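S.K.: Below you'll find protein-v6.pdb; it's PDB, C-alpha atoms.
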```pdb
ATOM      1  CA  GLY A  27      -3.335-103.065-120.814  1.00  0.00           C
ATOM      2  CA  ASP A  28      -0.817-101.387-118.483  1.00  0.00           C
ATOM      3  CA  SER A  29      -2.886-102.081-115.353  1.00  0.00           C
ATOM      4  CA  ARG A  30      -3.171-105.764-116.270  1.00  0.00           C
ATOM      5  CA  GLU A  31       0.601-106.034-116.813  1.00  0.00           C
ATOM      6  CA  ILE A  32       1.243-104.361-113.457  1.00  0.00           C
ATOM      7  CA  THR A  33      -1.183-106.768-111.752  1.00  0.00           C
ATOM      8  CA  GLU A  34       0.492-109.770-113.427  1.00  0.00           C
ATOM      9  CA  ARG A  35       3.937-108.509-112.408  1.00  0.00           C
ATOM     10  CA  LYS A  36       2.758-108.014-108.803  1.00  0.00           C
ATOM     11  CA  THR A  37       1.230-111.509-108.758  1.00  0.00           C
ATOM     12  CA  GLY A  38       4.442-112.971-110.183  1.00  0.00           C
ATOM     13  CA  TYR A  39       6.523-111.053-107.642  1.00  0.00           C
ATOM     14  CA  ILE A  40       4.380-112.272-104.716  1.00  0.00           C
ATOM     15  CA  HIS A  41       4.608-115.865-105.994  1.00  0.00           C
ATOM     16  CA  LEU A  42       8.388-115.580-106.374  1.00  0.00           C
ATOM     17  CA  GLN A  43       8.697-114.056-102.900  1.00  0.00           C
ATOM     18  CA  LYS A  44       6.680-116.905-101.346  1.00  0.00           C
ATOM     19  CA  THR A  45       8.801-119.473-103.215  1.00  0.00           C
ATOM     20  CA  ILE A  46      12.018-117.883-101.941  1.00  0.00           C
ATOM     21  CA  GLU A  47      10.640-117.753 -98.375  1.00  0.00           C
ATOM     22  CA  LEU A  48       9.639-121.444 -98.540  1.00  0.00           C
ATOM     23  CA  GLU A  49      13.031-122.510 -99.931  1.00  0.00           C
ATOM     24  CA  THR A  50      14.811-120.438 -97.274  1.00  0.00           C
ATOM     25  CA  GLU A  51      12.732-122.063 -94.527  1.00  0.00           C
ATOM     26  CA  GLN A  52      13.383-125.546 -95.941  1.00  0.00           C
ATOM     27  CA  ASN A  53      17.121-124.844 -96.185  1.00  0.00           C
ATOM     28  CA  THR A  54      17.139-123.631 -92.573  1.00  0.00           C
ATOM     29  CA  ILE A  55      15.345-126.774 -91.363  1.00  0.00           C
ATOM     30  CA  ARG A  56      17.687-128.942 -93.456  1.00  0.00           C
ATOM     31  CA  SER A  57      20.782-127.202 -92.074  1.00  0.00           C
ATOM     32  CA  ARG A  58      19.529-127.570 -88.499  1.00  0.00           C
ATOM     33  CA  PHE A  59      18.838-131.249 -89.054  1.00  0.00           C
ATOM     34  CA  LEU A  60      22.284-131.930 -90.530  1.00  0.00           C
ATOM     35  CA  ALA A  61      23.950-130.033 -87.675  1.00  0.00           C
ATOM     36  CA  MET A  62      21.880-131.978 -85.132  1.00  0.00           C
ATOM     37  CA  ALA A  63      22.668-135.302 -86.830  1.00  0.00           C
ATOM     38  CA  SER A  64      26.397-134.532 -86.804  1.00  0.00           C
ATOM     39  CA  HIS A  65      26.194-133.667 -83.116  1.00  0.00           C
ATOM     40  CA  ASP A  66      24.067-136.717 -82.255  1.00  0.00           C
ATOM     41  CA  LEU A  67      26.523-139.086 -83.950  1.00  0.00           C
ATOM     42  CA  ARG A  68      28.963-138.342 -81.150  1.00  0.00           C
ATOM     43  CA  THR A  69      26.739-140.093 -78.591  1.00  0.00           C
ATOM     44  CA  PRO A  70      26.772-143.604 -80.125  1.00  0.00           C
ATOM     45  CA  LEU A  71      30.442-143.152 -81.033  1.00  0.00           C
ATOM     46  CA  THR A  72      31.234-142.355 -77.390  1.00  0.00           C
ATOM     47  CA  VAL A  73      29.302-145.415 -76.191  1.00  0.00           C
ATOM     48  CA  ILE A  74      31.076-147.663 -78.714  1.00  0.00           C
ATOM     49  CA  GLN A  75      34.486-146.256 -77.797  1.00  0.00           C
ATOM     50  CA  SER A  76      33.792-146.757 -74.072  1.00  0.00           C
ATOM     51  CA  ALA A  77      32.681-150.371 -74.629  1.00  0.00           C
ATOM     52  CA  VAL A  78      35.745-151.127 -76.764  1.00  0.00           C
ATOM     53  CA  ASP A  79      38.082-149.537 -74.174  1.00  0.00           C
ATOM     54  CA  THR A  80      36.521-151.614 -71.390  1.00  0.00           C
ATOM     55  CA  LEU A  81      36.843-154.833 -73.399  1.00  0.00           C
ATOM     56  CA  ALA A  82      40.457-154.060 -74.269  1.00  0.00           C
ATOM     57  CA  THR A  83      41.494-153.023 -70.742  1.00  0.00           C
ATOM     58  CA  TYR A  84      39.590-155.511 -68.597  1.00  0.00           C
ATOM     59  CA  ASP A  85      39.251-158.466 -70.988  1.00  0.00           C
ATOM     60  CA  THR A  86      40.433-161.178 -68.596  1.00  0.00           C
ATOM     61  CA  ARG A  87      38.522-159.747 -65.636  1.00  0.00           C
ATOM     62  CA  LEU A  88      35.127-159.514 -67.324  1.00  0.00           C
ATOM     63  CA  SER A  89      32.615-162.330 -67.106  1.00  0.00           C
ATOM     64  CA  ALA A  90      30.981-163.710 -70.248  1.00  0.00           C
ATOM     65  CA  GLU A  91      27.811-161.804 -69.361  1.00  0.00           C
ATOM     66  CA  GLN A  92      29.690-158.527 -68.900  1.00  0.00           C
ATOM     67  CA  LYS A  93      31.428-158.972 -72.245  1.00  0.00           C
ATOM     68  CA  GLN A  94      28.150-159.771 -73.980  1.00  0.00           C
ATOM     69  CA  ALA A  95      26.579-156.628 -72.494  1.00  0.00           C
ATOM     70  CA  ARG A  96      29.370-154.539 -74.081  1.00  0.00           C
ATOM     71  CA  PHE A  97      28.978-156.304 -77.415  1.00  0.00           C
ATOM     72  CA  ASP A  98      25.218-155.648 -77.297  1.00  0.00           C
ATOM     73  CA  LYS A  99      25.887-151.959 -76.657  1.00  0.00           C
ATOM     74  CA  ILE A 100      28.243-151.814 -79.614  1.00  0.00           C
ATOM     75  CA  GLN A 101      25.713-153.528 -81.884  1.00  0.00           C
ATOM     76  CA  SER A 102      22.749-151.330 -80.905  1.00  0.00           C
ATOM     77  CA  ASN A 103      24.768-148.133 -81.276  1.00  0.00           C
ATOM     78  CA  VAL A 104      26.055-149.211 -84.687  1.00  0.00           C
ATOM     79  CA  VAL A 105      22.386-149.616 -85.725  1.00  0.00           C
ATOM     80  CA  THR A 106      21.661-146.127 -84.335  1.00  0.00           C
ATOM     81  CA  MET A 107      24.548-144.603 -86.267  1.00  0.00           C
ATOM     82  CA  ASN A 108      23.473-146.380 -89.431  1.00  0.00           C
ATOM     83  CA  GLN A 109      19.956-144.940 -89.093  1.00  0.00           C
ATOM     84  CA  MET A 110      21.330-141.425 -88.586  1.00  0.00           C
ATOM     85  CA  LEU A 111      23.505-141.744 -91.669  1.00  0.00           C
ATOM     86  CA  ASN A 112      20.522-143.073 -93.644  1.00  0.00           C
ATOM     87  CA  ASP A 113      18.609-139.928 -92.618  1.00  0.00           C
ATOM     88  CA  VAL A 114      21.418-137.717 -93.878  1.00  0.00           C
ATOM     89  CA  MET A 115      21.740-139.678 -97.131  1.00  0.00           C
ATOM     90  CA  ALA A 116      17.982-139.450 -97.735  1.00  0.00           C
ATOM     91  CA  ILE A 117      18.175-135.647 -97.563  1.00  0.00           C
ATOM     92  CA  ILE A 118      21.178-135.588 -99.893  1.00  0.00           C
ATOM     93  CA  LYS A 119      19.384-137.873-102.373  1.00  0.00           C
ATOM     94  CA  MET A 120      16.222-135.761-102.254  1.00  0.00           C
ATOM     95  CA  ASP A 121      18.259-132.632-102.949  1.00  0.00           C
ATOM     96  CA  SER A 122      20.062-134.262-105.861  1.00  0.00           C
ATOM     97  CA  GLY A 123      16.930-135.938-107.230  1.00  0.00           C
ATOM     98  CA  THR A 124      18.463-139.431-106.973  1.00  0.00           C
ATOM     99  CA  LEU A 125      16.150-140.821-104.262  1.00  0.00           C
ATOM    100  CA  SER A 126      14.631-144.031-105.606  1.00  0.00           C
ATOM    101  CA  THR A 127      10.892-143.724-106.154  1.00  0.00           C
ATOM    102  CA  GLU A 128      10.253-147.032-107.931  1.00  0.00           C
ATOM    103  CA  PRO A 129       7.304-148.812-106.260  1.00  0.00           C
ATOM    104  CA  GLU A 130       7.620-152.470-105.276  1.00  0.00           C
ATOM    105  CA  THR A 131       5.134-155.188-104.361  1.00  0.00           C
ATOM    106  CA  VAL A 132       5.738-156.384-100.796  1.00  0.00           C
ATOM    107  CA  ASP A 133       4.032-158.373 -98.074  1.00  0.00           C
ATOM    108  CA  ILE A 134       3.365-155.422 -95.767  1.00  0.00           C
ATOM    109  CA  ILE A 135       2.961-157.566 -92.624  1.00  0.00           C
ATOM    110  CA  ASP A 136       6.302-159.322 -93.166  1.00  0.00           C
ATOM    111  CA  PHE A 137       7.855-155.955 -94.028  1.00  0.00           C
ATOM    112  CA  CYS A 138       6.659-154.398 -90.759  1.00  0.00           C
ATOM    113  CA  HIS A 139       7.821-157.443 -88.764  1.00  0.00           C
ATOM    114  CA  MET A 140      11.285-156.928 -90.285  1.00  0.00           C
ATOM    115  CA  ILE A 141      11.237-153.226 -89.306  1.00  0.00           C
ATOM    116  CA  VAL A 142      10.187-154.085 -85.743  1.00  0.00           C
ATOM    117  CA  ASP A 143      12.981-156.672 -85.402  1.00  0.00           C
ATOM    118  CA  GLU A 144      15.481-154.114 -86.689  1.00  0.00           C
ATOM    119  CA  ALA A 145      14.253-151.392 -84.333  1.00  0.00           C
ATOM    120  CA  GLN A 146      14.084-153.741 -81.328  1.00  0.00           C
ATOM    121  CA  ILE A 147      17.890-154.087 -81.468  1.00  0.00           C
ATOM    122  CA  VAL A 148      18.200-150.399 -80.576  1.00  0.00           C
ATOM    123  CA  ALA A 149      15.618-150.519 -77.760  1.00  0.00           C
ATOM    124  CA  SER A 150      16.485-151.270 -74.168  1.00  0.00           C
ATOM    125  CA  ALA A 151      15.444-154.579 -72.610  1.00  0.00           C
ATOM    126  CA  SER A 152      12.370-152.963 -71.011  1.00  0.00           C
ATOM    127  CA  GLN A 153      11.155-151.274 -74.197  1.00  0.00           C
ATOM    128  CA  VAL A 154       9.000-153.660 -76.198  1.00  0.00           C
ATOM    129  CA  ILE A 155       7.718-152.749 -79.651  1.00  0.00           C
ATOM    130  CA  GLU A 156       4.180-154.093 -80.054  1.00  0.00           C
ATOM    131  CA  PHE A 157       3.036-154.677 -83.638  1.00  0.00           C
ATOM    132  CA  THR A 158      -0.703-154.957 -84.295  1.00  0.00           C
ATOM    133  CA  TYR A 159      -2.295-155.369 -87.703  1.00  0.00           C
ATOM    134  CA  GLN A 160      -5.226-156.633 -89.730  1.00  0.00           C
ATOM    135  CA  GLU A 161      -4.802-160.122 -91.182  1.00  0.00           C
ATOM    136  CA  ASN A 162      -6.492-159.132 -94.441  1.00  0.00           C
ATOM    137  CA  MET A 163      -3.529-156.966 -95.452  1.00  0.00           C
ATOM    138  CA  LYS A 164      -0.845-158.723 -97.470  1.00  0.00           C
ATOM    139  CA  GLN A 165       0.577-157.720-100.847  1.00  0.00           C
ATOM    140  CA  ILE A 166       0.679-153.989-101.509  1.00  0.00           C
ATOM    141  CA  VAL A 167       2.652-151.715-103.809  1.00  0.00           C
ATOM    142  CA  ILE A 168       4.859-149.208-101.963  1.00  0.00           C
ATOM    143  CA  HIS A 169       8.073-147.216-102.234  1.00  0.00           C
ATOM    144  CA  LYS A 170       9.917-149.740-100.073  1.00  0.00           C
ATOM    145  CA  SER A 171      13.095-147.779 -99.288  1.00  0.00           C
ATOM    146  CA  SER A 172      11.139-144.635 -98.415  1.00  0.00           C
ATOM    147  CA  LEU A 173       8.712-146.470 -96.098  1.00  0.00           C
ATOM    148  CA  HIS A 174      11.603-148.310 -94.436  1.00  0.00           C
ATOM    149  CA  HIS A 175      13.328-144.996 -93.818  1.00  0.00           C
ATOM    150  CA  ILE A 176      10.182-143.323 -92.442  1.00  0.00           C
ATOM    151  CA  LEU A 177       9.242-146.165 -90.069  1.00  0.00           C
ATOM    152  CA  MET A 178      12.774-146.634 -88.733  1.00  0.00           C
ATOM    153  CA  ASN A 179      12.991-142.903 -88.125  1.00  0.00           C
ATOM    154  CA  LEU A 180       9.688-142.864 -86.213  1.00  0.00           C
ATOM    155  CA  LEU A 181      10.525-145.987 -84.177  1.00  0.00           C
ATOM    156  CA  SER A 182      14.053-144.772 -83.390  1.00  0.00           C
ATOM    157  CA  ASN A 183      12.677-141.484 -82.079  1.00  0.00           C
ATOM    158  CA  ALA A 184       9.989-143.299 -80.082  1.00  0.00           C
ATOM    159  CA  ILE A 185      12.672-145.497 -78.494  1.00  0.00           C
ATOM    160  CA  LYS A 186      14.937-142.540 -77.807  1.00  0.00           C
ATOM    161  CA  TYR A 187      12.290-140.470 -76.023  1.00  0.00           C
ATOM    162  CA  SER A 188      10.230-143.189 -74.309  1.00  0.00           C
ATOM    163  CA  PRO A 189      10.576-143.960 -70.603  1.00  0.00           C
ATOM    164  CA  GLU A 190      11.704-147.399 -69.483  1.00  0.00           C
ATOM    165  CA  ASN A 191       9.010-150.089 -69.080  1.00  0.00           C
ATOM    166  CA  THR A 192       6.625-148.434 -71.529  1.00  0.00           C
ATOM    167  CA  PRO A 193       5.432-149.996 -74.793  1.00  0.00           C
ATOM    168  CA  ILE A 194       5.991-148.596 -78.268  1.00  0.00           C
ATOM    169  CA  GLU A 195       3.150-149.425 -80.622  1.00  0.00           C
ATOM    170  CA  LEU A 196       3.257-149.929 -84.381  1.00  0.00           C
ATOM    171  CA  ASN A 197      -0.210-150.361 -85.874  1.00  0.00           C
ATOM    172  CA  LEU A 198      -1.131-151.312 -89.424  1.00  0.00           C
ATOM    173  CA  HIS A 199      -4.705-150.569 -90.475  1.00  0.00           C
ATOM    174  CA  CYS A 200      -6.527-150.660 -93.788  1.00  0.00           C
ATOM    175  CA  ASP A 201      -9.778-148.882 -94.604  1.00  0.00           C
ATOM    176  CA  ILE A 202     -11.495-151.286 -97.011  1.00  0.00           C
ATOM    177  CA  GLU A 203     -13.914-148.652 -98.348  1.00  0.00           C
ATOM    178  CA  THR A 204     -11.270-146.062 -99.257  1.00  0.00           C
ATOM    179  CA  GLN A 205      -8.515-148.626 -99.944  1.00  0.00           C
ATOM    180  CA  LYS A 206      -6.155-146.547 -97.805  1.00  0.00           C
ATOM    181  CA  MET A 207      -3.466-147.999 -95.562  1.00  0.00           C
ATOM    182  CA  VAL A 208      -2.639-146.261 -92.287  1.00  0.00           C
ATOM    183  CA  ILE A 209       0.544-146.998 -90.328  1.00  0.00           C
ATOM    184  CA  SER A 210       0.897-145.366 -86.938  1.00  0.00           C
ATOM    185  CA  VAL A 211       3.638-145.280 -84.312  1.00  0.00           C
ATOM    186  CA  GLN A 212       2.682-144.379 -80.759  1.00  0.00           C
ATOM    187  CA  ASP A 213       4.845-144.015 -77.678  1.00  0.00           C
ATOM    188  CA  HIS A 214       4.449-142.712 -74.126  1.00  0.00           C
ATOM    189  CA  GLY A 215       7.179-140.100 -74.181  1.00  0.00           C
ATOM    190  CA  ILE A 216       7.043-136.356 -73.612  1.00  0.00           C
ATOM    191  CA  GLY A 217       5.560-135.627 -77.045  1.00  0.00           C
ATOM    192  CA  ILE A 218       6.380-132.798 -79.432  1.00  0.00           C
ATOM    193  CA  PRO A 219       5.500-129.178 -78.571  1.00  0.00           C
ATOM    194  CA  GLU A 220       2.636-127.860 -80.691  1.00  0.00           C
ATOM    195  CA  ILE A 221       4.799-125.035 -82.031  1.00  0.00           C
ATOM    196  CA  ASP A 222       7.236-127.599 -83.499  1.00  0.00           C
ATOM    197  CA  GLN A 223       4.625-129.988 -84.921  1.00  0.00           C
ATOM    198  CA  LYS A 224       4.133-127.941 -88.110  1.00  0.00           C
ATOM    199  CA  GLN A 225       7.825-128.464 -88.942  1.00  0.00           C
ATOM    200  CA  LEU A 226       7.644-132.285 -88.821  1.00  0.00           C
ATOM    201  CA  PHE A 227       7.140-132.910 -92.495  1.00  0.00           C
TER     202      PHE A 227
END
```
Please go through the file and, once you have read it, give me the structure as structure tokens.

M.R.:
Amino acid sequence: GDSREITERKTGYIHLQKTIELETEQNTIRSRFLAMASHDLRTPLTVIQSAVDTLATYDTRLSAEQKQARFDKIQSNVVTMNQMLNDVMAIIKMDSGTLSTEPETVDIIDFCHMIVDEAQIVASASQVIEFTYQENMKQIVIHKSSLHHILMNLLSNAIKYSPENTPIELNLHCDIETQKMVISVQDHGIGIPEIDQKQLF
């Protein structure tokens, strides 16, 4: 009896220790992400402030094209900031258990087209997002807000780290036999070091 209790206590202790280690690791990753997001928000804010200052100071001396270029910069950086804040809010909602998980029926092709149009605003003129898909895919049931968040995050990172004049590819594929949908985002950037890949999800 005593040996079994000791074994059960040891097993429980090891399980508790692993749980604490996992939670500590997740908290560390979460803290690093929030710190990085706070730091990264300064970049689009700086770009927006610079564009506004230029428009205010040189308004009468700027051509229509030069003004439009500043307005485009403001718009794309507002989209970037909005995505960063969505990332932060998603983490907060997951922690508080308020992240919506209600599935919805959507036209997945139209949904992806909408995501591509949204992401293209952030991309430079030479970065084109190519969307390829199978025509047989239409209505599916998904967690819409979560998939929107995931795809925008992947596309935003692909845009951020891709060289000029290189395509960014979004592919939608369905395996008829397994009834599984696969969405992939591919870019031609520097990639992620293997040591960091295990921390992605």

S.K.: Output the residue selection produced by the PyMOL selection byres ((chain A and resi 149) around 10) on the file above, formatted as a list of chain:residue names.

M.R.: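 Output from the PyMOL selection byres ((chain A and resi 149) around 10), applied to this file: A:Ser102, A:Thr106, A:Glu144, A:Ala145, A:Gln146, A:Ile147, A:Val148, A:Ser150, A:Ala151, A:Ser152, A:Gln153, A:Val154, A:Ile155, A:Leu181, A:Ser182, A:Ala184, A:Ile185, A:Lys186, A:Ser188, A:Glu190, A:Ile194.
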
S.K.: State, in Å with one decimal place, the distance from atom CA of A:Glu203 to atom CA of A:Tyr159.

M.R.: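 Those two atoms sit 17.1 Å apart.
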
S.K.: Looking at all atoms listed in the file, which of A:Tyr39, A:Tyr187, A:Phe137, A:Tyr84 is the one that sits closest to A:Lys170?

M.R.: A:Phe137

S.K.: Centre and edge lengths of an axis-aligned box around all listed atoms of stretch 210-218 of chain A, with 4 Å added on each side, are to be given in Å to one decimal, as lines of an AutoDock Vina configuration file.

M.R.:
```
center_x = 4.0
center_y = -139.1
center_z = -80.3
size_x = 14.3
size_y = 20.6
size_z = 21.3
```

S.K.: Would you compute the distance between atom CA of A:Val167 and atom CA of A:Cys138? Give it in Å to one decimal.

M.R.: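 Atom CA of A:Val167 sits 13.9 Å away from atom CA of A:Cys138.
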
S.K.: Which residue out of A:Ile218, A:Leu111, A:Leu42, A:Ile166 has the minimum interatomic distance to A:Gln205 when only C-alpha atoms are used?

M.R.: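 Ranking A:Ile218, A:Leu111, A:Leu42, A:Ile166 by distance to A:Gln205, first place goes to A:Ile166.
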
S.K.: Please evaluate the PyMOL selection byres ((chain A and resi 96) around 10) against the structure above and give the resulting residues as a list in words.

M.R.: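 For this structure, the PyMOL selection byres ((chain A and resi 96) around 10) captures Val73, Ile74, Ser76, Ala77, Val78, Thr80, Leu81, Glu91, Gln92, Lys93, Gln94, Ala95, Phe97, Asp98, Lys99, Ile100 and Gln101 of chain A.
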
S.K.: How many Å lie between atom CA of A:Glu31 and atom CA of A:Thr45, rounded to one decimal?

M.R.: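 Atom-to-atom, atom CA of A:Glu31 to atom CA of A:Thr45, that is 20.8 Å.
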
S.K.: Closest to A:Ile168 among A:Val132, A:Cys200, A:Ile32, A:Ala116, using only C-alpha atoms?

M.R.: A:Val132

S.K.: Missing atoms in stretch 213-224 of chain A need filling: write out all heavy atoms for it as an mmCIF file, keeping the file's coordinate frame.

M.R.:
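Below is the file part15.cif, written as the result:
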```
data_model
loop_
_atom_site.group_PDB
_atom_site.id
_atom_site.type_symbol
_atom_site.label_atom_id
_atom_site.label_comp_id
_atom_site.auth_asym_id
_atom_site.auth_seq_id
_atom_site.Cartn_x
_atom_site.Cartn_y
_atom_site.Cartn_z
ATOM 1 N N ASP A 213 4.023 -143.740 -78.860
ATOM 2 C CA ASP A 213 4.845 -144.015 -77.678
ATOM 3 C C ASP A 213 4.266 -143.257 -76.492
ATOM 4 O O ASP A 213 3.240 -142.587 -76.603
ATOM 5 C CB ASP A 213 6.312 -143.622 -77.926
ATOM 6 C CG ASP A 213 6.478 -142.139 -78.205
ATOM 7 O OD1 ASP A 213 6.070 -141.320 -77.357
ATOM 8 O OD2 ASP A 213 7.025 -141.784 -79.273
ATOM 9 N N HIS A 214 4.925 -143.349 -75.345
ATOM 10 C CA HIS A 214 4.449 -142.712 -74.126
ATOM 11 C C HIS A 214 5.490 -141.735 -73.599
ATOM 12 O O HIS A 214 5.677 -141.585 -72.393
ATOM 13 C CB HIS A 214 4.100 -143.773 -73.078
ATOM 14 C CG HIS A 214 3.008 -144.698 -73.517
ATOM 15 N ND1 HIS A 214 1.667 -144.439 -73.306
ATOM 16 C CD2 HIS A 214 3.046 -145.857 -74.229
ATOM 17 C CE1 HIS A 214 0.939 -145.412 -73.830
ATOM 18 N NE2 HIS A 214 1.755 -146.282 -74.390
ATOM 19 N N GLY A 215 6.152 -141.070 -74.543
ATOM 20 C CA GLY A 215 7.179 -140.100 -74.181
ATOM 21 C C GLY A 215 6.594 -138.727 -73.921
ATOM 22 O O GLY A 215 5.383 -138.562 -73.737
ATOM 23 N N ILE A 216 7.451 -137.711 -73.977
ATOM 24 C CA ILE A 216 7.043 -136.356 -73.612
ATOM 25 C C ILE A 216 6.257 -135.669 -74.728
ATOM 26 O O ILE A 216 5.640 -134.636 -74.519
ATOM 27 C CB ILE A 216 8.266 -135.489 -73.254
ATOM 28 C CG1 ILE A 216 9.237 -135.421 -74.452
ATOM 29 C CG2 ILE A 216 8.956 -136.032 -72.016
ATOM 30 C CD1 ILE A 216 10.387 -134.467 -74.241
ATOM 31 N N GLY A 217 6.283 -136.231 -75.936
ATOM 32 C CA GLY A 217 5.560 -135.627 -77.045
ATOM 33 C C GLY A 217 6.346 -134.488 -77.681
ATOM 34 O O GLY A 217 7.454 -134.158 -77.258
ATOM 35 N N ILE A 218 5.746 -133.889 -78.696
ATOM 36 C CA ILE A 218 6.380 -132.798 -79.432
ATOM 37 C C ILE A 218 5.577 -131.521 -79.198
ATOM 38 O O ILE A 218 4.353 -131.523 -79.372
ATOM 39 C CB ILE A 218 6.434 -133.107 -80.943
ATOM 40 C CG1 ILE A 218 7.248 -134.383 -81.181
ATOM 41 C CG2 ILE A 218 7.021 -131.941 -81.729
ATOM 42 C CD1 ILE A 218 7.196 -134.890 -82.598
ATOM 43 N N PRO A 219 6.227 -130.434 -78.795
ATOM 44 C CA PRO A 219 5.500 -129.178 -78.571
ATOM 45 C C PRO A 219 4.703 -128.777 -79.813
ATOM 46 O O PRO A 219 5.163 -128.969 -80.945
ATOM 47 C CB PRO A 219 6.616 -128.165 -78.289
ATOM 48 C CG PRO A 219 7.748 -128.991 -77.772
ATOM 49 C CD PRO A 219 7.654 -130.301 -78.506
ATOM 50 N N GLU A 220 3.529 -128.214 -79.576
ATOM 51 C CA GLU A 220 2.636 -127.860 -80.691
ATOM 52 C C GLU A 220 3.310 -126.903 -81.675
ATOM 53 O O GLU A 220 3.116 -126.997 -82.885
ATOM 54 C CB GLU A 220 1.357 -127.225 -80.143
ATOM 55 C CG GLU A 220 0.274 -127.050 -81.190
ATOM 56 C CD GLU A 220 -1.046 -126.602 -80.588
ATOM 57 O OE1 GLU A 220 -1.252 -126.818 -79.380
ATOM 58 O OE2 GLU A 220 -1.865 -126.036 -81.338
ATOM 59 N N ILE A 221 4.133 -126.018 -81.172
ATOM 60 C CA ILE A 221 4.799 -125.035 -82.031
ATOM 61 C C ILE A 221 5.765 -125.697 -83.012
ATOM 62 O O ILE A 221 6.031 -125.177 -84.093
ATOM 63 C CB ILE A 221 5.539 -123.973 -81.170
ATOM 64 C CG1 ILE A 221 5.930 -122.774 -82.044
ATOM 65 C CG2 ILE A 221 6.765 -124.586 -80.489
ATOM 66 C CD1 ILE A 221 6.471 -121.608 -81.263
ATOM 67 N N ASP A 222 6.284 -126.894 -82.635
ATOM 68 C CA ASP A 222 7.236 -127.599 -83.499
ATOM 69 C C ASP A 222 6.557 -128.603 -84.420
ATOM 70 O O ASP A 222 7.185 -129.090 -85.375
ATOM 71 C CB ASP A 222 8.275 -128.346 -82.639
ATOM 72 C CG ASP A 222 9.162 -127.382 -81.860
ATOM 73 O OD1 ASP A 222 9.427 -126.281 -82.398
ATOM 74 O OD2 ASP A 222 9.586 -127.720 -80.757
ATOM 75 N N GLN A 223 5.294 -128.934 -84.155
ATOM 76 C CA GLN A 223 4.625 -129.988 -84.921
ATOM 77 C C GLN A 223 4.480 -129.634 -86.399
ATOM 78 O O GLN A 223 4.561 -130.507 -87.259
ATOM 79 C CB GLN A 223 3.258 -130.280 -84.318
ATOM 80 C CG GLN A 223 3.332 -130.979 -82.959
ATOM 81 C CD GLN A 223 1.969 -131.258 -82.368
ATOM 82 O OE1 GLN A 223 0.950 -131.165 -83.056
ATOM 83 N NE2 GLN A 223 1.924 -131.569 -81.088
ATOM 84 N N LYS A 224 4.309 -128.335 -86.719
ATOM 85 C CA LYS A 224 4.133 -127.941 -88.110
ATOM 86 C C LYS A 224 5.415 -128.107 -88.924
ATOM 87 O O LYS A 224 5.377 -128.092 -90.147
ATOM 88 C CB LYS A 224 3.657 -126.489 -88.192
ATOM 89 C CG LYS A 224 4.640 -125.481 -87.655
ATOM 90 C CD LYS A 224 4.080 -124.069 -87.791
ATOM 91 C CE LYS A 224 5.084 -123.032 -87.290
ATOM 92 N NZ LYS A 224 4.560 -121.655 -87.444
#
```
